[in-house]
Each structure stands twice: as structure tokens, then as C-alpha cells.
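Structure data (PDB, C-alpha atoms and all ligand atoms) from protein35.pdb:
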```pdb
ATOM      1  CA  MET A 439     145.387 164.864 137.676  1.00  0.00           C
ATOM      2  CA  ALA A 440     143.937 164.242 134.233  1.00  0.00           C
ATOM      3  CA  GLY A 441     140.927 162.047 133.536  1.00  0.00           C
ATOM      4  CA  LEU A 442     140.792 161.479 129.799  1.00  0.00           C
ATOM      5  CA  ILE A 443     138.612 159.469 127.434  1.00  0.00           C
ATOM      6  CA  LEU A 444     139.764 158.666 123.913  1.00  0.00           C
ATOM      7  CA  PHE A 445     136.693 158.243 121.771  1.00  0.00           C
ATOM      8  CA  GLY A 446     136.183 157.338 118.125  1.00  0.00           C
ATOM      9  CA  PRO A 447     135.150 154.608 115.711  1.00  0.00           C
ATOM     10  CA  PRO A 448     137.176 151.408 115.368  1.00  0.00           C
ATOM     11  CA  GLY A 449     140.327 152.119 113.365  1.00  0.00           C
ATOM     12  CA  ALA A 450     140.430 155.825 114.307  1.00  0.00           C
ATOM     13  CA  GLY A 451     143.836 155.445 115.960  1.00  0.00           C
ATOM     14  CA  LYS A 452     142.734 155.452 119.618  1.00  0.00           C
ATOM     15  CA  GLY A 453     145.222 152.778 120.684  1.00  0.00           C
ATOM     16  CA  THR A 454     148.150 154.429 118.899  1.00  0.00           C
ATOM     17  CA  GLN A 455     147.422 157.890 120.302  1.00  0.00           C
ATOM     18  CA  ALA A 456     146.690 156.511 123.761  1.00  0.00           C
ATOM     19  CA  VAL A 457     150.216 155.197 124.208  1.00  0.00           C
ATOM     20  CA  SER A 458     151.967 158.564 123.766  1.00  0.00           C
ATOM     21  CA  LEU A 459     149.233 160.465 125.564  1.00  0.00           C
ATOM     22  CA  ALA A 460     149.394 158.227 128.643  1.00  0.00           C
ATOM     23  CA  GLU A 461     153.159 158.601 128.637  1.00  0.00           C
ATOM     24  CA  SER A 462     153.149 162.380 128.414  1.00  0.00           C
ATOM     25  CA  PHE A 463     150.558 162.742 131.195  1.00  0.00           C
ATOM     26  CA  ASN A 464     152.117 159.901 133.175  1.00  0.00           C
ATOM     27  CA  ILE A 465     148.769 158.191 133.657  1.00  0.00           C
ATOM     28  CA  PRO A 466     147.739 154.551 133.081  1.00  0.00           C
ATOM     29  CA  HIS A 467     146.336 153.644 129.663  1.00  0.00           C
ATOM     30  CA  ILE A 468     143.218 151.554 130.231  1.00  0.00           C
ATOM     31  CA  SER A 469     142.089 149.851 127.030  1.00  0.00           C
ATOM     32  CA  THR A 470     139.085 147.556 127.463  1.00  0.00           C
ATOM     33  CA  GLY A 471     139.921 145.842 124.143  1.00  0.00           C
ATOM     34  CA  ASP A 472     143.500 145.141 125.339  1.00  0.00           C
ATOM     35  CA  LEU A 473     142.212 143.856 128.695  1.00  0.00           C
ATOM     36  CA  PHE A 474     139.819 141.491 126.908  1.00  0.00           C
ATOM     37  CA  ARG A 475     142.506 140.292 124.485  1.00  0.00           C
ATOM     38  CA  ALA A 476     144.873 139.607 127.408  1.00  0.00           C
ATOM     39  CA  ALA A 477     142.122 137.636 129.184  1.00  0.00           C
ATOM     40  CA  ILE A 478     141.467 135.629 126.016  1.00  0.00           C
ATOM     41  CA  SER A 479     145.109 134.764 125.450  1.00  0.00           C
ATOM     42  CA  GLY A 480     145.458 133.847 129.139  1.00  0.00           C
ATOM     43  CA  GLN A 481     142.309 131.687 128.829  1.00  0.00           C
ATOM     44  CA  THR A 482     140.896 133.137 132.031  1.00  0.00           C
ATOM     45  CA  PRO A 483     137.176 132.740 132.878  1.00  0.00           C
ATOM     46  CA  LEU A 484     136.636 136.324 131.649  1.00  0.00           C
ATOM     47  CA  GLY A 485     138.473 135.498 128.426  1.00  0.00           C
ATOM     48  CA  LEU A 486     136.311 132.457 127.766  1.00  0.00           C
ATOM     49  CA  LYS A 487     133.192 134.512 128.435  1.00  0.00           C
ATOM     50  CA  VAL A 488     134.049 137.320 126.014  1.00  0.00           C
ATOM     51  CA  GLN A 489     135.865 135.556 123.173  1.00  0.00           C
ATOM     52  CA  SER A 490     132.838 135.018 120.906  1.00  0.00           C
ATOM     53  CA  TYR A 491     131.834 138.705 121.162  1.00  0.00           C
ATOM     54  CA  LEU A 492     135.279 139.888 120.078  1.00  0.00           C
ATOM     55  CA  ASP A 493     135.429 137.328 117.261  1.00  0.00           C
ATOM     56  CA  LYS A 494     132.120 138.622 115.878  1.00  0.00           C
ATOM     57  CA  GLY A 495     132.787 142.316 116.453  1.00  0.00           C
ATOM     58  CA  GLN A 496     129.840 142.531 118.857  1.00  0.00           C
ATOM     59  CA  LEU A 497     129.854 144.427 122.134  1.00  0.00           C
ATOM     60  CA  VAL A 498     130.566 142.508 125.307  1.00  0.00           C
ATOM     61  CA  PRO A 499     127.521 142.878 127.644  1.00  0.00           C
ATOM     62  CA  ASP A 500     127.598 146.126 129.626  1.00  0.00           C
ATOM     63  CA  GLN A 501     127.736 144.499 133.048  1.00  0.00           C
ATOM     64  CA  VAL A 502     130.827 142.448 132.180  1.00  0.00           C
ATOM     65  CA  VAL A 503     132.687 145.498 130.835  1.00  0.00           C
ATOM     66  CA  ILE A 504     131.577 147.709 133.710  1.00  0.00           C
ATOM     67  CA  ASP A 505     132.730 145.215 136.375  1.00  0.00           C
ATOM     68  CA  MET A 506     136.130 144.972 134.690  1.00  0.00           C
ATOM     69  CA  VAL A 507     136.552 148.761 134.385  1.00  0.00           C
ATOM     70  CA  ARG A 508     135.414 149.334 137.968  1.00  0.00           C
ATOM     71  CA  GLU A 509     138.025 146.907 139.227  1.00  0.00           C
ATOM     72  CA  ARG A 510     140.718 148.523 137.067  1.00  0.00           C
ATOM     73  CA  LEU A 511     139.873 152.085 138.094  1.00  0.00           C
ATOM     74  CA  MET A 512     139.921 151.086 141.757  1.00  0.00           C
ATOM     75  CA  GLN A 513     143.622 150.197 141.536  1.00  0.00           C
ATOM     76  CA  SER A 514     145.948 152.675 143.201  1.00  0.00           C
ATOM     77  CA  ASP A 515     147.784 153.800 140.039  1.00  0.00           C
ATOM     78  CA  THR A 516     144.713 155.750 138.892  1.00  0.00           C
ATOM     79  CA  SER A 517     144.828 158.242 141.764  1.00  0.00           C
ATOM     80  CA  GLY A 518     146.717 160.765 139.582  1.00  0.00           C
ATOM     81  CA  GLY A 519     144.501 160.257 136.549  1.00  0.00           C
ATOM     82  CA  TRP A 520     143.722 157.767 133.822  1.00  0.00           C
ATOM     83  CA  LEU A 521     143.184 157.455 130.108  1.00  0.00           C
ATOM     84  CA  LEU A 522     140.265 155.314 128.973  1.00  0.00           C
ATOM     85  CA  ASP A 523     140.463 153.867 125.461  1.00  0.00           C
ATOM     86  CA  GLY A 524     137.467 151.951 124.090  1.00  0.00           C
ATOM     87  CA  PHE A 525     135.222 152.693 127.082  1.00  0.00           C
ATOM     88  CA  PRO A 526     132.482 153.846 127.370  1.00  0.00           C
ATOM     89  CA  ARG A 527     130.884 152.396 124.239  1.00  0.00           C
ATOM     90  CA  THR A 528     127.185 152.548 125.198  1.00  0.00           C
ATOM     91  CA  ILE A 529     125.009 155.098 127.011  1.00  0.00           C
ATOM     92  CA  PRO A 530     124.606 152.809 130.076  1.00  0.00           C
ATOM     93  CA  GLN A 531     128.402 152.471 130.245  1.00  0.00           C
ATOM     94  CA  ALA A 532     128.760 156.273 130.108  1.00  0.00           C
ATOM     95  CA  GLN A 533     126.155 156.708 132.863  1.00  0.00           C
ATOM     96  CA  THR A 534     127.839 154.096 135.044  1.00  0.00           C
ATOM     97  CA  LEU A 535     131.216 155.757 134.524  1.00  0.00           C
ATOM     98  CA  ASP A 536     129.732 159.033 135.780  1.00  0.00           C
ATOM     99  CA  ASN A 537     128.551 157.328 138.962  1.00  0.00           C
ATOM    100  CA  LEU A 538     131.792 155.470 139.430  1.00  0.00           C
ATOM    101  CA  LEU A 539     133.877 158.642 139.099  1.00  0.00           C
ATOM    102  CA  GLN A 540     131.626 160.393 141.568  1.00  0.00           C
ATOM    103  CA  GLU A 541     132.146 157.514 144.005  1.00  0.00           C
ATOM    104  CA  MET A 542     135.911 157.866 143.492  1.00  0.00           C
ATOM    105  CA  ASN A 543     135.773 161.621 143.899  1.00  0.00           C
ATOM    106  CA  GLN A 544     137.240 162.106 140.447  1.00  0.00           C
ATOM    107  CA  ASN A 545     136.040 163.568 137.207  1.00  0.00           C
ATOM    108  CA  CYS A 546     136.555 163.389 133.502  1.00  0.00           C
ATOM    109  CA  ASP A 547     138.475 166.391 132.174  1.00  0.00           C
ATOM    110  CA  ARG A 548     138.157 165.796 128.467  1.00  0.00           C
ATOM    111  CA  VAL A 549     136.649 163.435 125.908  1.00  0.00           C
ATOM    112  CA  ILE A 550     138.807 163.424 122.762  1.00  0.00           C
ATOM    113  CA  ASN A 551     136.713 162.526 119.746  1.00  0.00           C
ATOM    114  CA  LEU A 552     138.908 161.280 116.890  1.00  0.00           C
ATOM    115  CA  GLN A 553     137.117 161.879 113.596  1.00  0.00           C
ATOM    116  CA  VAL A 554     138.148 159.785 110.601  1.00  0.00           C
ATOM    117  CA  PRO A 555     136.216 159.093 107.362  1.00  0.00           C
ATOM    118  CA  GLU A 556     134.817 155.584 107.008  1.00  0.00           C
ATOM    119  CA  GLN A 557     136.964 154.591 104.009  1.00  0.00           C
ATOM    120  CA  THR A 558     140.150 155.490 105.903  1.00  0.00           C
ATOM    121  CA  LEU A 559     138.947 153.448 108.896  1.00  0.00           C
ATOM    122  CA  ILE A 560     138.403 150.388 106.712  1.00  0.00           C
ATOM    123  CA  THR A 561     141.794 150.726 104.991  1.00  0.00           C
ATOM    124  CA  ARG A 562     143.565 151.145 108.338  1.00  0.00           C
ATOM    125  CA  MET A 563     141.836 148.154 109.932  1.00  0.00           C
ATOM    126  CA  LEU A 564     142.506 145.906 106.952  1.00  0.00           C
ATOM    127  CA  SER A 565     146.210 146.752 107.134  1.00  0.00           C
ATOM    128  CA  ARG A 566     146.354 146.096 110.900  1.00  0.00           C
ATOM    129  CA  GLY A 567     145.794 142.358 110.563  1.00  0.00           C
ATOM    130  CA  ARG A 568     144.133 141.777 113.938  1.00  0.00           C
ATOM    131  CA  LYS A 569     141.990 138.638 114.216  1.00  0.00           C
ATOM    132  CA  ASP A 570     138.790 140.716 114.241  1.00  0.00           C
ATOM    133  CA  ASP A 571     139.941 142.826 111.278  1.00  0.00           C
ATOM    134  CA  THR A 572     138.367 140.790 108.478  1.00  0.00           C
ATOM    135  CA  GLU A 573     136.080 142.656 106.096  1.00  0.00           C
ATOM    136  CA  ALA A 574     132.859 141.146 107.448  1.00  0.00           C
ATOM    137  CA  VAL A 575     133.742 141.755 111.099  1.00  0.00           C
ATOM    138  CA  ILE A 576     134.908 145.307 110.317  1.00  0.00           C
ATOM    139  CA  GLN A 577     131.494 146.049 108.785  1.00  0.00           C
ATOM    140  CA  ASP A 578     129.776 144.671 111.901  1.00  0.00           C
ATOM    141  CA  ARG A 579     131.970 146.752 114.205  1.00  0.00           C
ATOM    142  CA  LEU A 580     131.275 149.914 112.233  1.00  0.00           C
ATOM    143  CA  GLN A 581     127.533 149.236 112.411  1.00  0.00           C
ATOM    144  CA  VAL A 582     127.737 148.627 116.154  1.00  0.00           C
ATOM    145  CA  TYR A 583     129.673 151.890 116.487  1.00  0.00           C
ATOM    146  CA  HIS A 584     126.990 153.916 114.682  1.00  0.00           C
ATOM    147  CA  ARG A 585     124.110 152.248 116.511  1.00  0.00           C
ATOM    148  CA  GLU A 586     125.400 151.929 120.080  1.00  0.00           C
ATOM    149  CA  THR A 587     128.473 154.094 120.529  1.00  0.00           C
ATOM    150  CA  ALA A 588     128.097 157.282 118.465  1.00  0.00           C
ATOM    151  CA  PRO A 589     125.004 158.416 120.478  1.00  0.00           C
ATOM    152  CA  ILE A 590     127.318 158.896 123.467  1.00  0.00           C
ATOM    153  CA  LEU A 591     128.738 161.958 121.712  1.00  0.00           C
ATOM    154  CA  ASP A 592     125.565 163.910 122.430  1.00  0.00           C
ATOM    155  CA  PHE A 593     125.693 162.748 126.041  1.00  0.00           C
ATOM    156  CA  TYR A 594     129.150 164.343 126.371  1.00  0.00           C
ATOM    157  CA  ARG A 595     128.630 167.276 124.003  1.00  0.00           C
ATOM    158  CA  ASP A 596     126.127 168.742 126.431  1.00  0.00           C
ATOM    159  CA  ARG A 597     128.879 169.053 129.015  1.00  0.00           C
ATOM    160  CA  ASN A 598     131.434 171.125 127.128  1.00  0.00           C
ATOM    161  CA  TYR A 599     134.399 168.857 127.625  1.00  0.00           C
ATOM    162  CA  LEU A 600     134.166 167.086 124.293  1.00  0.00           C
ATOM    163  CA  VAL A 601     136.878 168.073 121.809  1.00  0.00           C
ATOM    164  CA  ASP A 602     136.702 167.051 118.156  1.00  0.00           C
ATOM    165  CA  ILE A 603     140.035 166.193 116.560  1.00  0.00           C
ATOM    166  CA  ASP A 604     140.466 165.605 112.836  1.00  0.00           C
ATOM    167  CA  GLY A 605     142.264 162.265 112.831  1.00  0.00           C
ATOM    168  CA  ASP A 606     142.541 161.837 109.063  1.00  0.00           C
ATOM    169  CA  THR A 607     146.264 162.525 108.866  1.00  0.00           C
ATOM    170  CA  THR A 608     149.593 161.191 110.140  1.00  0.00           C
ATOM    171  CA  VAL A 609     150.072 159.843 113.652  1.00  0.00           C
ATOM    172  CA  ASP A 610     152.431 162.689 114.616  1.00  0.00           C
ATOM    173  CA  VAL A 611     150.111 165.448 113.428  1.00  0.00           C
ATOM    174  CA  VAL A 612     147.176 163.913 115.324  1.00  0.00           C
ATOM    175  CA  THR A 613     149.335 163.656 118.464  1.00  0.00           C
ATOM    176  CA  GLU A 614     150.181 167.361 118.169  1.00  0.00           C
ATOM    177  CA  ARG A 615     146.508 168.274 117.712  1.00  0.00           C
ATOM    178  CA  ILE A 616     145.538 166.323 120.817  1.00  0.00           C
ATOM    179  CA  LYS A 617     148.327 167.875 122.881  1.00  0.00           C
ATOM    180  CA  THR A 618     147.229 171.343 121.813  1.00  0.00           C
ATOM    181  CA  ALA A 619     143.641 170.559 122.812  1.00  0.00           C
ATOM    182  CA  LEU A 620     144.850 169.419 126.247  1.00  0.00           C
ATOM    183  CA  ALA A 621     147.497 172.108 126.766  1.00  0.00           C
ATOM    184  CA  ASP A 622     145.584 173.683 129.673  1.00  0.00           C
ATOM    185  CA  LEU A 623     145.641 170.400 131.621  1.00  0.00           C
ATOM    186  CA  SER A 624     149.383 169.722 131.714  1.00  0.00           C
TER
HETATM  187  P1  LIG A 701     138.911 147.528 120.645  1.00  0.00           P
HETATM  188  O1  LIG A 701     140.282 146.976 120.868  1.00  0.00           O
HETATM  189  O2  LIG A 701     138.619 148.747 121.456  1.00  0.00           O
HETATM  190  O3  LIG A 701     138.594 147.711 119.187  1.00  0.00           O
HETATM  191  O4  LIG A 701     137.868 146.414 121.174  1.00  0.00           O
HETATM  192  C1  LIG A 701     137.849 145.124 120.606  1.00  0.00           C
HETATM  193  C2  LIG A 701     136.557 144.408 120.986  1.00  0.00           C
HETATM  194  O5  LIG A 701     136.462 144.293 122.412  1.00  0.00           O
HETATM  195  C3  LIG A 701     135.273 145.100 120.554  1.00  0.00           C
HETATM  196  O6  LIG A 701     134.923 144.805 119.204  1.00  0.00           O
HETATM  197  C4  LIG A 701     134.278 144.488 121.554  1.00  0.00           C
HETATM  198  O7  LIG A 701     133.946 143.162 121.204  1.00  0.00           O
HETATM  199  C5  LIG A 701     135.107 144.421 122.843  1.00  0.00           C
HETATM  200  N1  LIG A 701     135.014 145.665 123.647  1.00  0.00           N
HETATM  201  C6  LIG A 701     136.025 146.529 123.929  1.00  0.00           C
HETATM  202  N2  LIG A 701     135.590 147.543 124.684  1.00  0.00           N
HETATM  203  C7  LIG A 701     134.263 147.342 124.874  1.00  0.00           C
HETATM  204  C8  LIG A 701     133.246 148.060 125.564  1.00  0.00           C
HETATM  205  N3  LIG A 701     133.497 149.232 126.200  1.00  0.00           N
HETATM  206  N4  LIG A 701     131.986 147.540 125.554  1.00  0.00           N
HETATM  207  C9  LIG A 701     131.710 146.382 124.930  1.00  0.00           C
HETATM  208  N5  LIG A 701     132.619 145.664 124.255  1.00  0.00           N
HETATM  209  C10 LIG A 701     133.896 146.124 124.222  1.00  0.00           C
END
```

Once you've parsed the file, please lay out its structure as C-alpha cells.
Ligand code: AMP
Amino acid sequence: MAGLILFGPPGAGKGTQAVSLAESFNIPHISTGDLFRAAISGQTPLGLKVQSYLDKGQLVPDQVVIDMVRERLMQSDTSGGWLLDGFPRTIPQAQTLDNLLQEMNQNCDRVINLQVPEQTLITRMLSRGRKDDTEAVIQDRLQVYHRETAPILDFYRDRNYLVDIDGDTTVDVVTERIKTALADLS
């Protein structure tokens, strides 16, 4: 059982690292951004509701994200653990996750904080070519990160399960660093 959160600014490599991490722990990778993008391309009611937020690089309202994550975590494949990528992104989301995990009789084992300098983030996002990776939207997302998301670090730092990982290097080296930091869990 491993409950993991991949944390970091947009462009830090969360999605890339999440794929191999979820595979090696054999746990589902739950990316709120991927879930929203799937809803948008499927033109579901959720997709229609959230599209303008993603286009502008703004956060989807907490209650919408929380309802979606609650439903996802309640599925049976999470009983052996889970890897959250892109959630929580606000203090209320982090508090709600605490309550939800308590309800589920589970806990978070580690928050992996990927640290990458801002210029590297911008270069990486510009080369990714996602619809919300234009220069203006990238700037908005970075601002939102500093204002709304970064304060969560203190929320988790108080609990001793936050690990800082220098993510300013190649994918493989970062993967190794994360695996080393989680070695006691596998
Ligand atoms: P990501 O793929 O994680 O970069 O997320 C893409 C976009 O989805 C973000 O810019 C937000 O608009 C939205 N989003 C993803 N996760 C969250 C979240 N936890 N809270 C609010 N909005 C989110």
C-alpha cells in the first residue's frame, strides 16, 4: 500500500514521472489534469464546465475538483494505493483530501516535491505544445501556482512526509532520485 502525491509547479515533470512511478508501485495514476482533458475531449457536462478554466490556466473551482477526486478514489482499484498528480492544488483541497483519506481508512505516505527553476519550467512547457502551453497562459499558471498551490508545501512540511527532489536534470536521473526517496515503501 502506497499513497503518494506528486507535487510541483506546472512543467516540473509530474506527469512524466507519475507514469513510471505508478507502474513500479502498481498503483493507479490519478491526474486531475488528464481527467479534465478527457472530459473536455468527450464533451461531457464536466468537460463543458471546466474548459474555460483550463484554456485560461486558472484553477477549476475546488468543489468541482474535489467531487471528481472523491469519486475516483472511491473506485476499487485504489485499495492498494494511489498516486495523485496535480491534486491537491489549494489548501482547501489538501484539507479535504485529509478528511477523505480518513474516511477511507487510508493515508498519504509521501509527498514528492519536484523542484525546478522557473526558466526550465517555461522552456519545457513551451516545447510540450499543449493547448494551454502558450506564453501568456504559462505565465498565468505559474502565478496561480505561487499564489494558491505553493502554500500547501508548508501544510505538508509540518508532517515530515514531504521529500524535496531536485528535478532540474534528465528524466531518468529524476526517476532514480524519486525511487531512492521511496525505497522504504516498496
Ligand atoms: P495539469 O495537467 O495538472 O497541468 O492541469 C491542467 C489544468 O487543469 C490546470 O491548469 C487547471 O486548470 C486544471 N486543474 C488540474 N488539477 C487541478 C486542481 N487540483 N485544482 C484546480 N484545477 C486543476

Checklist entry - Of the residues A:Met439, A:Leu444, A:Leu600, A:Val498, which is the one nearest to ligand LIG 701 (chain A), using only C-alpha atoms and all ligand atoms? => result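 Residue with the minimum atom-to-atom distance to ligand LIG 701 (chain A): A:Val498.
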
Item to check | Resolved residues for the PyMOL selection byres (((not hetatm)) within 8 of (chain A and resi 701)) as a ChimeraX atom specification | outcome: /A:448-449,453,469-472,474-475,488,491-500,503-504,523-528,531,570,579

Item to check | Protein and nucleic acid residues near (142.8, 157.0, 121.2) (cut-off 8 Å, all atoms listed in the file) as number ranges by chain | outcome: A: 443-446, 450-456, 523-524, 550, 552

Checklist entry - the PyMOL selection byres (((chain A and resi 590) around 9) and not hetatm) on the file shown: which residues, as a ChimeraX atom specification? => result /A:526-529,532,586-589,591-595

Checklist entry - Can you list what the PyMOL selection byres (((chain A and resi 442) around 8) and not hetatm) grabs from this structure, as a list in words? => result Ala440, Gly441, Ile443, Leu444, Gly519, Trp520, Leu521, Leu522, Cys546, Asp547, Arg548, Val549 and Ile550 of chain A

Item to check | Given only C-alpha atoms as the counted atoms, nearest of A:Val554, A:Val601, A:Leu623, A:Met506 to Ala477 (chain A) | outcome: A:Met506

Next on the checklist: Please determine, counting only C-alpha atoms, which residue among A:Lys487, A:Ala460, A:Asp604, A:Lys617 has the shortest atom-to-atom distance to Asn551 (chain A).
Outcome noted: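 Checking each candidate against Asn551 (chain A), we get A:Asp604 as the closest.
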
Checklist entry - Which distance in Å separates CA of Asp505 (chain A) and CA of Thr534 (chain A), to one decimal? => result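 Pair CA of Asp505 (chain A) / CA of Thr534 (chain A) returns 10.2 Å.
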
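Note that the spacing between CA of Leu486 (chain A) and CA of Val502 (chain A) amounts to 12.2 Å.
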
Next on the checklist: For a test of reading the model, state the distance in Å between CA of Gln581 (chain A) and CA of Ala476 (chain A), rounded to one decimal.
Outcome noted: 24.9 Å

Checklist entry - Taking into account all atoms listed in the file, which residue in the set A:Val507, A:Ala621, A:Val611, A:Ile616 is nearest to His467 (chain A)? => result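 Smallest distance to His467 (chain A) is found for A:Val507.
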
Working from the structure I just supplied, which lacks atoms in region 515-545 of chain A, can you model N, CA and C atoms there and output them as a compact mmCIF listing (two decimals), in the coordinates of the input?
```
# COMPACT_ATOMS: atom_id res chain seq x y z
N ASP A 515 147.04 152.99 141.02
CA ASP A 515 147.78 153.80 140.04
C ASP A 515 146.90 154.82 139.32
N THR A 516 145.59 154.80 139.57
CA THR A 516 144.71 155.75 138.89
C THR A 516 144.49 157.02 139.71
N SER A 517 145.13 157.10 140.90
CA SER A 517 144.83 158.24 141.76
C SER A 517 145.25 159.57 141.12
N GLY A 518 146.27 159.53 140.25
CA GLY A 518 146.72 160.76 139.58
C GLY A 518 146.10 160.96 138.21
N GLY A 519 145.15 160.12 137.85
CA GLY A 519 144.50 160.26 136.55
C GLY A 519 144.50 158.96 135.77
N TRP A 520 143.88 158.99 134.63
CA TRP A 520 143.72 157.77 133.82
C TRP A 520 143.33 158.17 132.42
N LEU A 521 143.58 157.25 131.50
CA LEU A 521 143.18 157.46 130.11
C LEU A 521 142.39 156.23 129.67
N LEU A 522 141.12 156.42 129.42
CA LEU A 522 140.26 155.31 128.97
C LEU A 522 140.24 155.27 127.45
N ASP A 523 140.43 154.07 126.90
CA ASP A 523 140.46 153.87 125.46
C ASP A 523 139.52 152.70 125.13
N GLY A 524 138.42 153.01 124.45
CA GLY A 524 137.47 151.95 124.09
C GLY A 524 136.34 151.80 125.10
N PHE A 525 136.28 152.67 126.06
CA PHE A 525 135.22 152.69 127.08
C PHE A 525 134.97 154.15 127.45
N PRO A 526 133.73 154.59 127.56
CA PRO A 526 132.48 153.85 127.37
C PRO A 526 132.12 153.69 125.90
N ARG A 527 131.32 152.67 125.60
CA ARG A 527 130.88 152.40 124.24
C ARG A 527 129.37 152.33 124.13
N THR A 528 128.66 152.49 125.23
CA THR A 528 127.18 152.55 125.20
C THR A 528 126.76 153.63 126.20
N ILE A 529 125.51 154.09 126.06
CA ILE A 529 125.01 155.10 127.01
C ILE A 529 125.01 154.54 128.45
N PRO A 530 124.53 153.30 128.69
CA PRO A 530 124.61 152.81 130.08
C PRO A 530 126.04 152.77 130.62
N GLN A 531 127.01 152.46 129.77
CA GLN A 531 128.40 152.47 130.24
C GLN A 531 128.82 153.90 130.62
N ALA A 532 128.40 154.88 129.82
CA ALA A 532 128.76 156.27 130.11
C ALA A 532 128.11 156.72 131.42
N GLN A 533 126.85 156.32 131.63
CA GLN A 533 126.16 156.71 132.86
C GLN A 533 126.82 156.06 134.07
N THR A 534 127.19 154.79 133.93
CA THR A 534 127.84 154.10 135.04
C THR A 534 129.20 154.72 135.35
N LEU A 535 129.91 155.12 134.30
CA LEU A 535 131.22 155.76 134.52
C LEU A 535 131.04 157.04 135.34
N ASP A 536 130.03 157.82 135.00
CA ASP A 536 129.73 159.03 135.78
C ASP A 536 129.60 158.71 137.26
N ASN A 537 128.80 157.69 137.56
CA ASN A 537 128.55 157.33 138.96
C ASN A 537 129.83 156.83 139.63
N LEU A 538 130.57 156.04 138.88
CA LEU A 538 131.79 155.47 139.43
C LEU A 538 132.80 156.58 139.76
N LEU A 539 132.92 157.55 138.87
CA LEU A 539 133.88 158.64 139.10
C LEU A 539 133.45 159.48 140.30
N GLN A 540 132.15 159.65 140.42
CA GLN A 540 131.63 160.39 141.57
C GLN A 540 132.00 159.68 142.87
N GLU A 541 131.79 158.36 142.86
CA GLU A 541 132.15 157.51 144.00
C GLU A 541 133.63 157.67 144.35
N MET A 542 134.46 157.79 143.31
CA MET A 542 135.91 157.87 143.49
C MET A 542 136.38 159.29 143.74
N ASN A 543 135.43 160.22 143.72
CA ASN A 543 135.77 161.62 143.90
C ASN A 543 136.70 162.13 142.79
N GLN A 544 136.43 161.69 141.59
CA GLN A 544 137.24 162.11 140.45
C GLN A 544 136.30 162.61 139.36
N ASN A 545 136.89 163.25 138.34
CA ASN A 545 136.04 163.57 137.21
C ASN A 545 136.79 163.46 135.89
```
